[in-house]
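Trainee: For reference, the file data-v7.txt (compact mmCIF, N, CA and C atoms) is included below:
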# COMPACT_ATOMS: atom_id res chain seq x y z
N MET A 1 71.20 -13.98 108.50
CA MET A 1 71.96 -15.22 108.59
C MET A 1 71.08 -16.39 108.16
N GLY A 2 71.58 -17.15 107.18
CA GLY A 2 70.87 -18.33 106.73
C GLY A 2 71.44 -19.59 107.36
N ARG A 3 70.67 -20.63 107.32
CA ARG A 3 71.10 -21.91 107.90
C ARG A 3 72.30 -22.50 107.19
N LEU A 4 72.51 -22.08 105.92
CA LEU A 4 73.60 -22.65 105.14
C LEU A 4 74.68 -21.62 104.81
N ASP A 5 74.75 -20.55 105.59
CA ASP A 5 75.75 -19.51 105.33
C ASP A 5 77.14 -20.11 105.21
N GLY A 6 77.79 -19.81 104.09
CA GLY A 6 79.16 -20.25 103.87
C GLY A 6 79.32 -21.68 103.42
N LYS A 7 78.25 -22.45 103.39
CA LYS A 7 78.34 -23.85 102.94
C LYS A 7 78.43 -23.90 101.42
N VAL A 8 79.25 -24.78 100.90
CA VAL A 8 79.41 -24.95 99.46
C VAL A 8 78.62 -26.20 99.04
N VAL A 9 77.71 -25.99 98.11
CA VAL A 9 76.78 -27.05 97.70
C VAL A 9 76.86 -27.26 96.19
N ILE A 10 77.08 -28.49 95.78
CA ILE A 10 76.99 -28.88 94.38
C ILE A 10 75.59 -29.42 94.15
N ILE A 11 74.92 -28.90 93.13
CA ILE A 11 73.58 -29.38 92.76
C ILE A 11 73.60 -29.81 91.31
N THR A 12 73.30 -31.07 91.04
CA THR A 12 73.22 -31.55 89.67
C THR A 12 71.78 -31.41 89.17
N GLY A 13 71.65 -31.29 87.86
CA GLY A 13 70.33 -31.13 87.28
C GLY A 13 69.68 -29.82 87.70
N ALA A 14 70.48 -28.77 87.80
CA ALA A 14 70.02 -27.49 88.36
C ALA A 14 69.29 -26.61 87.35
N GLY A 15 69.15 -27.05 86.13
CA GLY A 15 68.54 -26.21 85.11
C GLY A 15 67.03 -26.21 85.09
N ARG A 16 66.42 -27.15 85.78
CA ARG A 16 64.95 -27.22 85.74
C ARG A 16 64.44 -28.06 86.91
N GLY A 17 63.16 -28.00 87.12
CA GLY A 17 62.49 -28.85 88.08
C GLY A 17 63.01 -28.74 89.51
N ILE A 18 63.18 -29.88 90.14
CA ILE A 18 63.60 -29.94 91.53
C ILE A 18 64.96 -29.30 91.73
N GLY A 19 65.89 -29.52 90.80
CA GLY A 19 67.22 -28.92 90.91
C GLY A 19 67.18 -27.41 90.87
N TYR A 20 66.37 -26.86 89.98
CA TYR A 20 66.21 -25.41 89.85
C TYR A 20 65.64 -24.83 91.15
N THR A 21 64.58 -25.43 91.64
CA THR A 21 63.93 -24.95 92.86
C THR A 21 64.86 -25.09 94.05
N THR A 22 65.54 -26.22 94.16
CA THR A 22 66.47 -26.45 95.26
C THR A 22 67.61 -25.43 95.24
N ALA A 23 68.11 -25.12 94.06
CA ALA A 23 69.18 -24.13 93.94
C ALA A 23 68.74 -22.79 94.53
N HIS A 24 67.54 -22.37 94.20
CA HIS A 24 67.03 -21.10 94.73
C HIS A 24 66.84 -21.17 96.25
N LEU A 25 66.34 -22.29 96.75
CA LEU A 25 66.12 -22.43 98.19
C LEU A 25 67.45 -22.47 98.95
N PHE A 26 68.42 -23.21 98.43
CA PHE A 26 69.72 -23.28 99.09
C PHE A 26 70.39 -21.90 99.08
N SER A 27 70.24 -21.18 97.99
CA SER A 27 70.81 -19.83 97.92
C SER A 27 70.16 -18.91 98.95
N GLU A 28 68.86 -18.96 99.08
CA GLU A 28 68.14 -18.14 100.06
C GLU A 28 68.60 -18.47 101.48
N ALA A 29 69.06 -19.72 101.69
CA ALA A 29 69.56 -20.13 103.01
C ALA A 29 71.03 -19.77 103.20
N GLY A 30 71.65 -19.15 102.19
CA GLY A 30 73.02 -18.66 102.34
C GLY A 30 74.12 -19.50 101.72
N ALA A 31 73.77 -20.57 101.03
CA ALA A 31 74.79 -21.45 100.44
C ALA A 31 75.46 -20.81 99.24
N LYS A 32 76.72 -21.20 99.03
CA LYS A 32 77.45 -20.88 97.81
C LYS A 32 77.27 -22.09 96.90
N LEU A 33 76.81 -21.85 95.68
CA LEU A 33 76.38 -22.95 94.84
C LEU A 33 77.29 -23.20 93.65
N VAL A 34 77.45 -24.48 93.37
CA VAL A 34 78.06 -24.94 92.13
C VAL A 34 76.95 -25.72 91.43
N LEU A 35 76.45 -25.14 90.36
CA LEU A 35 75.30 -25.71 89.65
C LEU A 35 75.76 -26.44 88.41
N ASN A 36 75.21 -27.61 88.21
CA ASN A 36 75.56 -28.44 87.06
C ASN A 36 74.31 -28.82 86.30
N ASP A 37 74.46 -28.88 85.00
CA ASP A 37 73.40 -29.41 84.13
C ASP A 37 74.03 -29.74 82.80
N ILE A 38 73.44 -30.66 82.08
CA ILE A 38 73.91 -30.95 80.73
C ILE A 38 73.38 -29.91 79.75
N ASP A 39 72.29 -29.25 80.13
CA ASP A 39 71.70 -28.17 79.33
C ASP A 39 72.37 -26.86 79.75
N GLU A 40 73.36 -26.44 78.98
CA GLU A 40 74.17 -25.29 79.36
C GLU A 40 73.34 -24.02 79.50
N GLU A 41 72.41 -23.81 78.60
CA GLU A 41 71.59 -22.59 78.65
C GLU A 41 70.75 -22.52 79.91
N ARG A 42 70.06 -23.59 80.25
CA ARG A 42 69.21 -23.60 81.45
C ARG A 42 70.03 -23.53 82.73
N GLY A 43 71.13 -24.27 82.77
CA GLY A 43 71.98 -24.26 83.97
C GLY A 43 72.58 -22.89 84.23
N GLN A 44 73.08 -22.26 83.17
CA GLN A 44 73.66 -20.93 83.33
C GLN A 44 72.59 -19.92 83.72
N LYS A 45 71.39 -20.08 83.18
CA LYS A 45 70.28 -19.18 83.53
C LYS A 45 69.96 -19.27 85.02
N THR A 46 69.96 -20.47 85.56
CA THR A 46 69.71 -20.65 86.99
C THR A 46 70.78 -19.92 87.81
N ALA A 47 72.05 -20.11 87.43
CA ALA A 47 73.14 -19.44 88.14
C ALA A 47 73.00 -17.93 88.03
N ASP A 48 72.69 -17.42 86.85
CA ASP A 48 72.54 -15.98 86.65
C ASP A 48 71.40 -15.41 87.50
N GLU A 49 70.30 -16.13 87.59
CA GLU A 49 69.17 -15.67 88.41
C GLU A 49 69.57 -15.55 89.87
N ILE A 50 70.31 -16.54 90.36
CA ILE A 50 70.74 -16.53 91.76
C ILE A 50 71.69 -15.36 92.02
N VAL A 51 72.63 -15.15 91.13
CA VAL A 51 73.56 -14.03 91.28
C VAL A 51 72.81 -12.70 91.21
N ASP A 52 71.85 -12.59 90.31
CA ASP A 52 71.06 -11.36 90.18
C ASP A 52 70.27 -11.05 91.46
N LYS A 53 69.92 -12.09 92.21
CA LYS A 53 69.20 -11.92 93.48
C LYS A 53 70.14 -11.69 94.66
N GLY A 54 71.46 -11.63 94.39
CA GLY A 54 72.42 -11.40 95.45
C GLY A 54 73.06 -12.64 96.01
N GLY A 55 72.77 -13.80 95.44
CA GLY A 55 73.37 -15.05 95.89
C GLY A 55 74.69 -15.30 95.20
N GLU A 56 75.32 -16.40 95.57
CA GLU A 56 76.61 -16.76 94.99
C GLU A 56 76.46 -18.11 94.30
N ALA A 57 76.75 -18.13 93.00
CA ALA A 57 76.61 -19.37 92.23
C ALA A 57 77.51 -19.33 91.01
N ILE A 58 78.07 -20.50 90.70
CA ILE A 58 78.77 -20.68 89.44
C ILE A 58 78.12 -21.87 88.74
N PHE A 59 78.25 -21.89 87.43
CA PHE A 59 77.71 -22.99 86.64
C PHE A 59 78.86 -23.79 86.03
N VAL A 60 78.76 -25.11 86.13
CA VAL A 60 79.74 -26.00 85.50
C VAL A 60 78.98 -26.96 84.60
N HIS A 61 79.14 -26.77 83.31
CA HIS A 61 78.49 -27.64 82.34
C HIS A 61 79.12 -29.03 82.40
N GLY A 62 78.29 -30.06 82.29
CA GLY A 62 78.85 -31.40 82.26
C GLY A 62 77.78 -32.47 82.30
N ASP A 63 78.19 -33.65 81.92
CA ASP A 63 77.34 -34.84 81.90
C ASP A 63 77.66 -35.65 83.15
N VAL A 64 76.70 -35.78 84.05
CA VAL A 64 76.94 -36.48 85.31
C VAL A 64 77.18 -37.98 85.14
N ALA A 65 76.95 -38.50 83.95
CA ALA A 65 77.24 -39.91 83.68
C ALA A 65 78.68 -40.11 83.23
N SER A 66 79.48 -39.04 83.27
CA SER A 66 80.88 -39.09 82.85
C SER A 66 81.81 -38.82 84.02
N SER A 67 82.72 -39.74 84.30
CA SER A 67 83.68 -39.52 85.38
C SER A 67 84.60 -38.35 85.05
N TRP A 68 84.90 -38.15 83.78
CA TRP A 68 85.72 -37.01 83.36
C TRP A 68 85.01 -35.70 83.74
N ASP A 69 83.73 -35.60 83.45
CA ASP A 69 82.99 -34.39 83.78
C ASP A 69 82.87 -34.20 85.29
N TRP A 70 82.77 -35.29 86.05
CA TRP A 70 82.77 -35.16 87.51
C TRP A 70 84.10 -34.59 88.01
N SER A 71 85.19 -35.02 87.39
CA SER A 71 86.50 -34.46 87.76
C SER A 71 86.51 -32.95 87.54
N LYS A 72 85.91 -32.51 86.44
CA LYS A 72 85.84 -31.08 86.13
C LYS A 72 84.95 -30.35 87.14
N ILE A 73 83.82 -30.92 87.49
CA ILE A 73 82.91 -30.30 88.46
C ILE A 73 83.62 -30.10 89.80
N VAL A 74 84.27 -31.15 90.26
CA VAL A 74 84.97 -31.09 91.55
C VAL A 74 86.14 -30.11 91.48
N ALA A 75 86.92 -30.16 90.41
CA ALA A 75 88.07 -29.25 90.29
C ALA A 75 87.62 -27.79 90.29
N GLU A 76 86.57 -27.48 89.56
CA GLU A 76 86.09 -26.10 89.51
C GLU A 76 85.50 -25.67 90.86
N THR A 77 84.88 -26.60 91.56
CA THR A 77 84.36 -26.30 92.90
C THR A 77 85.51 -25.98 93.85
N MET A 78 86.53 -26.80 93.85
CA MET A 78 87.66 -26.60 94.74
C MET A 78 88.43 -25.32 94.39
N THR A 79 88.55 -25.01 93.11
CA THR A 79 89.21 -23.78 92.70
C THR A 79 88.42 -22.56 93.18
N ALA A 80 87.12 -22.61 93.03
CA ALA A 80 86.28 -21.46 93.40
C ALA A 80 86.11 -21.32 94.91
N TYR A 81 85.96 -22.43 95.63
CA TYR A 81 85.56 -22.35 97.03
C TYR A 81 86.46 -23.10 98.02
N GLY A 82 87.28 -24.02 97.53
CA GLY A 82 88.21 -24.71 98.40
C GLY A 82 87.63 -25.80 99.28
N LYS A 83 86.36 -26.10 99.12
CA LYS A 83 85.75 -27.16 99.92
C LYS A 83 84.44 -27.59 99.27
N ILE A 84 83.90 -28.70 99.74
CA ILE A 84 82.59 -29.19 99.33
C ILE A 84 81.88 -29.64 100.60
N ASP A 85 80.82 -28.94 100.95
CA ASP A 85 80.05 -29.30 102.15
C ASP A 85 78.90 -30.25 101.84
N VAL A 86 78.28 -30.05 100.68
CA VAL A 86 77.08 -30.83 100.34
C VAL A 86 77.11 -31.17 98.85
N LEU A 87 76.76 -32.41 98.55
CA LEU A 87 76.47 -32.82 97.18
C LEU A 87 75.00 -33.19 97.14
N PHE A 88 74.26 -32.53 96.26
CA PHE A 88 72.85 -32.85 96.04
C PHE A 88 72.76 -33.51 94.67
N ASN A 89 72.81 -34.86 94.66
CA ASN A 89 72.69 -35.64 93.44
C ASN A 89 71.23 -35.62 93.01
N ASN A 90 70.92 -34.83 92.02
CA ASN A 90 69.54 -34.62 91.63
C ASN A 90 69.27 -34.93 90.17
N ALA A 91 70.27 -34.87 89.32
CA ALA A 91 70.04 -35.06 87.89
C ALA A 91 69.35 -36.39 87.64
N GLY A 92 68.40 -36.37 86.76
CA GLY A 92 67.68 -37.59 86.43
C GLY A 92 66.91 -37.40 85.13
N MET A 93 66.49 -38.51 84.57
CA MET A 93 65.71 -38.44 83.34
C MET A 93 64.74 -39.60 83.27
N GLY A 94 63.66 -39.37 82.58
CA GLY A 94 62.68 -40.42 82.30
C GLY A 94 62.89 -40.91 80.89
N GLY A 95 61.92 -41.60 80.39
CA GLY A 95 62.00 -42.03 79.01
C GLY A 95 61.69 -43.49 78.77
N PHE A 96 61.82 -44.32 79.81
CA PHE A 96 61.52 -45.74 79.62
C PHE A 96 60.02 -45.87 79.39
N LYS A 97 59.65 -46.39 78.22
CA LYS A 97 58.24 -46.47 77.86
C LYS A 97 57.70 -47.90 77.90
N SER A 98 58.52 -48.81 77.45
CA SER A 98 58.09 -50.21 77.39
C SER A 98 59.30 -51.06 77.04
N LEU A 99 59.06 -52.31 76.83
CA LEU A 99 60.15 -53.19 76.39
C LEU A 99 60.57 -52.88 74.96
N GLU A 100 59.85 -51.97 74.31
CA GLU A 100 60.23 -51.51 72.98
C GLU A 100 61.30 -50.42 73.05
N THR A 101 61.61 -49.94 74.26
CA THR A 101 62.64 -48.92 74.42
C THR A 101 63.96 -49.46 73.88
N PRO A 102 64.61 -48.70 73.00
CA PRO A 102 65.91 -49.16 72.49
C PRO A 102 66.93 -49.32 73.61
N GLU A 103 67.80 -50.30 73.46
CA GLU A 103 68.80 -50.59 74.49
C GLU A 103 69.68 -49.37 74.79
N GLU A 104 70.07 -48.60 73.77
CA GLU A 104 70.90 -47.41 73.97
C GLU A 104 70.19 -46.38 74.84
N GLU A 105 68.88 -46.22 74.62
CA GLU A 105 68.10 -45.27 75.42
C GLU A 105 68.00 -45.75 76.87
N PHE A 106 67.78 -47.05 77.05
CA PHE A 106 67.74 -47.62 78.39
C PHE A 106 69.07 -47.42 79.10
N ASP A 107 70.18 -47.69 78.39
CA ASP A 107 71.51 -47.51 78.98
C ASP A 107 71.73 -46.06 79.42
N ARG A 108 71.27 -45.10 78.62
CA ARG A 108 71.44 -43.68 78.97
C ARG A 108 70.63 -43.36 80.23
N ILE A 109 69.42 -43.86 80.33
CA ILE A 109 68.58 -43.62 81.51
C ILE A 109 69.27 -44.17 82.76
N ILE A 110 69.79 -45.38 82.67
CA ILE A 110 70.49 -45.99 83.81
C ILE A 110 71.75 -45.19 84.15
N ALA A 111 72.47 -44.73 83.15
CA ALA A 111 73.69 -43.95 83.39
C ALA A 111 73.38 -42.65 84.13
N VAL A 112 72.34 -41.95 83.70
CA VAL A 112 72.01 -40.67 84.34
C VAL A 112 71.37 -40.88 85.70
N ASN A 113 70.47 -41.84 85.82
CA ASN A 113 69.71 -42.02 87.07
C ASN A 113 70.44 -42.82 88.13
N LEU A 114 71.39 -43.64 87.75
CA LEU A 114 72.05 -44.51 88.72
C LEU A 114 73.56 -44.33 88.75
N LYS A 115 74.20 -44.49 87.61
CA LYS A 115 75.65 -44.38 87.56
C LYS A 115 76.12 -43.00 88.02
N SER A 116 75.38 -41.95 87.69
CA SER A 116 75.79 -40.60 88.06
C SER A 116 75.87 -40.43 89.58
N VAL A 117 75.00 -41.09 90.31
CA VAL A 117 75.03 -41.01 91.77
C VAL A 117 76.31 -41.65 92.29
N PHE A 118 76.65 -42.81 91.77
CA PHE A 118 77.90 -43.48 92.13
C PHE A 118 79.10 -42.60 91.81
N LEU A 119 79.13 -42.04 90.58
CA LEU A 119 80.27 -41.21 90.18
C LEU A 119 80.38 -39.94 91.01
N GLY A 120 79.24 -39.32 91.31
CA GLY A 120 79.26 -38.11 92.13
C GLY A 120 79.78 -38.38 93.53
N CYS A 121 79.30 -39.44 94.14
CA CYS A 121 79.77 -39.80 95.48
C CYS A 121 81.26 -40.13 95.45
N LYS A 122 81.66 -40.90 94.44
CA LYS A 122 83.06 -41.29 94.31
C LYS A 122 83.96 -40.05 94.15
N ALA A 123 83.45 -39.02 93.49
CA ALA A 123 84.24 -37.82 93.24
C ALA A 123 84.38 -36.93 94.47
N VAL A 124 83.34 -36.87 95.31
CA VAL A 124 83.38 -35.93 96.44
C VAL A 124 83.77 -36.56 97.77
N VAL A 125 83.55 -37.85 97.96
CA VAL A 125 83.82 -38.48 99.25
C VAL A 125 85.28 -38.32 99.70
N PRO A 126 86.27 -38.49 98.82
CA PRO A 126 87.65 -38.28 99.30
C PRO A 126 87.88 -36.87 99.85
N ILE A 127 87.28 -35.88 99.24
CA ILE A 127 87.41 -34.50 99.73
C ILE A 127 86.70 -34.36 101.07
N MET A 128 85.51 -34.89 101.17
CA MET A 128 84.76 -34.81 102.42
C MET A 128 85.48 -35.54 103.55
N LYS A 129 86.09 -36.68 103.24
CA LYS A 129 86.86 -37.41 104.26
C LYS A 129 88.04 -36.57 104.72
N GLU A 130 88.74 -35.96 103.79
CA GLU A 130 89.89 -35.13 104.14
C GLU A 130 89.46 -33.93 104.98
N GLN A 131 88.32 -33.36 104.68
CA GLN A 131 87.79 -32.22 105.44
C GLN A 131 87.30 -32.65 106.82
N GLY A 132 86.89 -33.92 106.92
CA GLY A 132 86.33 -34.42 108.16
C GLY A 132 84.82 -34.22 108.27
N TYR A 133 84.20 -33.81 107.19
CA TYR A 133 82.74 -33.60 107.19
C TYR A 133 82.24 -33.51 105.77
N GLY A 134 80.92 -33.59 105.64
CA GLY A 134 80.25 -33.44 104.36
C GLY A 134 78.93 -34.18 104.39
N ASN A 135 78.05 -33.78 103.51
CA ASN A 135 76.73 -34.39 103.42
C ASN A 135 76.42 -34.67 101.97
N ILE A 136 75.79 -35.82 101.73
CA ILE A 136 75.36 -36.19 100.38
C ILE A 136 73.87 -36.50 100.44
N VAL A 137 73.13 -35.87 99.54
CA VAL A 137 71.70 -36.11 99.40
C VAL A 137 71.50 -36.68 98.01
N ASN A 138 70.95 -37.89 97.94
CA ASN A 138 70.64 -38.52 96.66
C ASN A 138 69.13 -38.45 96.46
N ASN A 139 68.73 -37.67 95.48
CA ASN A 139 67.32 -37.44 95.22
C ASN A 139 66.81 -38.34 94.10
N ALA A 140 65.62 -38.83 94.25
CA ALA A 140 64.94 -39.57 93.19
C ALA A 140 63.49 -39.14 93.17
N SER A 141 62.93 -39.07 92.01
CA SER A 141 61.53 -38.66 91.92
C SER A 141 60.79 -39.52 90.93
Can you present the structure in this file as structure tokens?
Mentor:
Amino acid sequence: MGRLDGKVVIITGAGRGIGYTTAHLFSEAGAKLVLNDIDEERGQKTADEIVDKGGEAIFVHGDVASSWDWSKIVAETMTAYGKIDVLFNNAGMGGFKSLETPEEEFDRIIAVNLKSVFLGCKAVVPIMKEQGYGNIVNNAS
């Protein structure tokens, strides 16, 4: 019995780094995972590894800076598991180098590192309110 047996957890940025490691740790604790990443190959690989180890995970490709993609992530989670217990907002990116950074690159960094947290919370909070419970972890590194 794991501490998270039966809990449904969405993890963004699950294809590498903290998201990848967290996905494996949450799975070992018994969680059912919905893994997201913009890198389809890495995200699917993480899900496949977890399933190969006996865990439960699905992968939903999407850009966390898009409200449309958040709708897809939530819809696929609800179809697969019928609830959302935890959102782990983890996706993030670096890249800001100096004031020479192009405005478009800066906007993308802000969208992934900040806007995505707002969109993720906005997408799952109504479900968590209806359920009467839920947890959101916003990670920054």
Trainee: Which residues of stretch 23-67 of chain A sit at most 9 Å from stretch 85-94 of chain A, using only C-alpha atoms? Give each one's shortest atom pair and distance in Å (one decimal place), in chain and ascending residue order, as CSV.
Mentor:
residue,atom,partner,partner_atom,distance
A:Asn36,CA,A:Ala91,CA,8.7
A:Asp37,CA,A:Ala91,CA,7.6
A:Val64,CA,A:Ala91,CA,7.5
Trainee: Could the residues in this selection be saved with N, CA and C atoms as an mmCIF file, in the frame of the given file?
Mentor:
data_model
loop_
_atom_site.group_PDB
_atom_site.id
_atom_site.type_symbol
_atom_site.label_atom_id
_atom_site.label_comp_id
_atom_site.auth_asym_id
_atom_site.auth_seq_id
_atom_site.Cartn_x
_atom_site.Cartn_y
_atom_site.Cartn_z
ATOM 1 N N ASN A 36 75.210 -27.610 88.210
ATOM 2 C CA ASN A 36 75.560 -28.440 87.060
ATOM 3 C C ASN A 36 74.310 -28.820 86.300
ATOM 4 N N ASP A 37 74.460 -28.880 85.000
ATOM 5 C CA ASP A 37 73.400 -29.410 84.130
ATOM 6 C C ASP A 37 74.030 -29.740 82.800
ATOM 7 N N VAL A 64 76.700 -35.780 84.050
ATOM 8 C CA VAL A 64 76.940 -36.480 85.310
ATOM 9 C C VAL A 64 77.180 -37.980 85.140
#
Trainee: List every residue of chain A that DSSP, applied to the backbone, labels as strand (DSSP E or B), and write the result as a list in words.
Mentor: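 Here are the strand (DSSP E or B) residues of chain A: Val8, Val9, Ile10, Ile11, Lys32, Leu33, Val34, Leu35, Asn36, Asp37, Glu56, Ala57, Ile58, Phe59, Val60, His61, Val86, Leu87, Phe88, Asn89, Asn135, Ile136, Val137 and Asn138 of chain A.
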Trainee: Measure the distance from atom CA of A:Ser71 to atom N of A:Val125 in Å and round it to one decimal.
Mentor: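 Interatomic distance, atom CA of A:Ser71 to atom N of A:Val125: 11.1 Å.
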Trainee: Select, from A:Ala29, A:Ile38, A:Ile58, A:Ile127, the residue with the minimum atom-to-atom distance to A:Ile10, counting only C-alpha atoms.
Mentor: A:Ile58
Trainee: For atom CA of A:Ser27 and atom CA of A:His61, determine how far apart the two atoms are, in Å to one decimal place.
Mentor: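 Interatomic distance, atom CA of A:Ser27 to atom CA of A:His61: 19.0 Å.
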Trainee: Which residue, A:Phe59, A:Leu33, A:Glu100, A:Gly2, has the smallest gap to A:Lys72 when you use only C-alpha atoms?
Mentor: A:Phe59
Trainee: Let me make sure I understand: among A:Ile50, A:Val60, A:Ile84, A:Ala65, which one has the smallest atom-to-atom distance to A:Ile110 if we use only C-alpha atoms?
Mentor: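 Once distances to A:Ile110 are computed over only C-alpha atoms, the minimum belongs to A:Ala65.
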Trainee: If you run DSSP on the backbone, which residues of stretch 25-132 of chain A are helix (DSSP H, G or I), as a PyMOL selection string?
Mentor: chain A and resi 25-28+40-52+67-81+103-131
Trainee: Just how far from atom C of A:Arg16 is atom CA of A:Gly55, in Å to one decimal?
Mentor: 18.2 Å
Trainee: Could you give me the centre and size, in Å to one decimal, of an axis-aligned box around all listed atoms of stretch 122-140 of chain A with 5 Å added on every side, as JSON?
Mentor:
{"center_x": 76.7, "center_y": -36.8, "center_z": 100.7, "size_x": 36.4, "size_y": 19.1, "size_z": 25.1}
Trainee: Here is a test: counting all atoms listed in the file, which residue of A:Val34, A:Val124, A:Ala140, A:Ile11 is nearest to A:Glu76?
Mentor: A:Val34
Trainee: From the list A:Tyr133, A:Tyr81, A:Val74, A:Asn138, which residue is nearest A:Lys115 when using only C-alpha atoms?
Mentor: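 Result for the nearest residue to A:Lys115: A:Asn138.
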Trainee: Just checking: using all atoms listed in the file, which residue out of A:Met78, A:Ile109, A:Ile18, A:Leu119 ends up closest to A:Ser66?
Mentor: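 Using all atoms listed in the file, A:Ser66 sits closest to A:Leu119.
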Trainee: Would you kindly identify which residues have an atom no farther than 7 Å from (76.8, -15.2, 101.4), using only N, CA and C atoms and the file's own coordinates, and write them out as a ChimeraX atom specification?
Mentor: /A:5-6,30-32,55-56
Trainee: Neighbours of A:Gln44 within 6.5 Å (only N, CA and C atoms; same-chain residues fewer than 4 positions away dropped), as a PDB file with N, CA and C atoms, keeping the file's coordinate frame?
Mentor:
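Generated output (part23.pdb):
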ATOM      1  N   GLY A  15      69.150 -27.050  86.130  1.00  0.00           N
ATOM      2  CA  GLY A  15      68.540 -26.210  85.110  1.00  0.00           C
ATOM      3  C   GLY A  15      67.030 -26.210  85.090  1.00  0.00           C
ATOM      4  N   ASP A  39      72.290 -29.250  80.130  1.00  0.00           N
ATOM      5  CA  ASP A  39      71.700 -28.170  79.330  1.00  0.00           C
ATOM      6  C   ASP A  39      72.370 -26.860  79.750  1.00  0.00           C
ATOM      7  N   GLU A  40      73.360 -26.440  78.980  1.00  0.00           N
ATOM      8  CA  GLU A  40      74.170 -25.290  79.360  1.00  0.00           C
ATOM      9  C   GLU A  40      73.340 -24.020  79.500  1.00  0.00           C
ATOM     10  N   ASP A  48      72.690 -17.420  86.850  1.00  0.00           N
ATOM     11  CA  ASP A  48      72.540 -15.980  86.650  1.00  0.00           C
ATOM     12  C   ASP A  48      71.400 -15.410  87.500  1.00  0.00           C
ATOM     13  N   GLU A  49      70.300 -16.130  87.590  1.00  0.00           N
ATOM     14  CA  GLU A  49      69.170 -15.670  88.410  1.00  0.00           C
ATOM     15  C   GLU A  49      69.570 -15.550  89.870  1.00  0.00           C
ATOM     16  N   PHE A  59      78.250 -21.890  87.430  1.00  0.00           N
ATOM     17  CA  PHE A  59      77.710 -22.990  86.640  1.00  0.00           C
ATOM     18  C   PHE A  59      78.860 -23.790  86.030  1.00  0.00           C
TER      19      PHE A  59
END
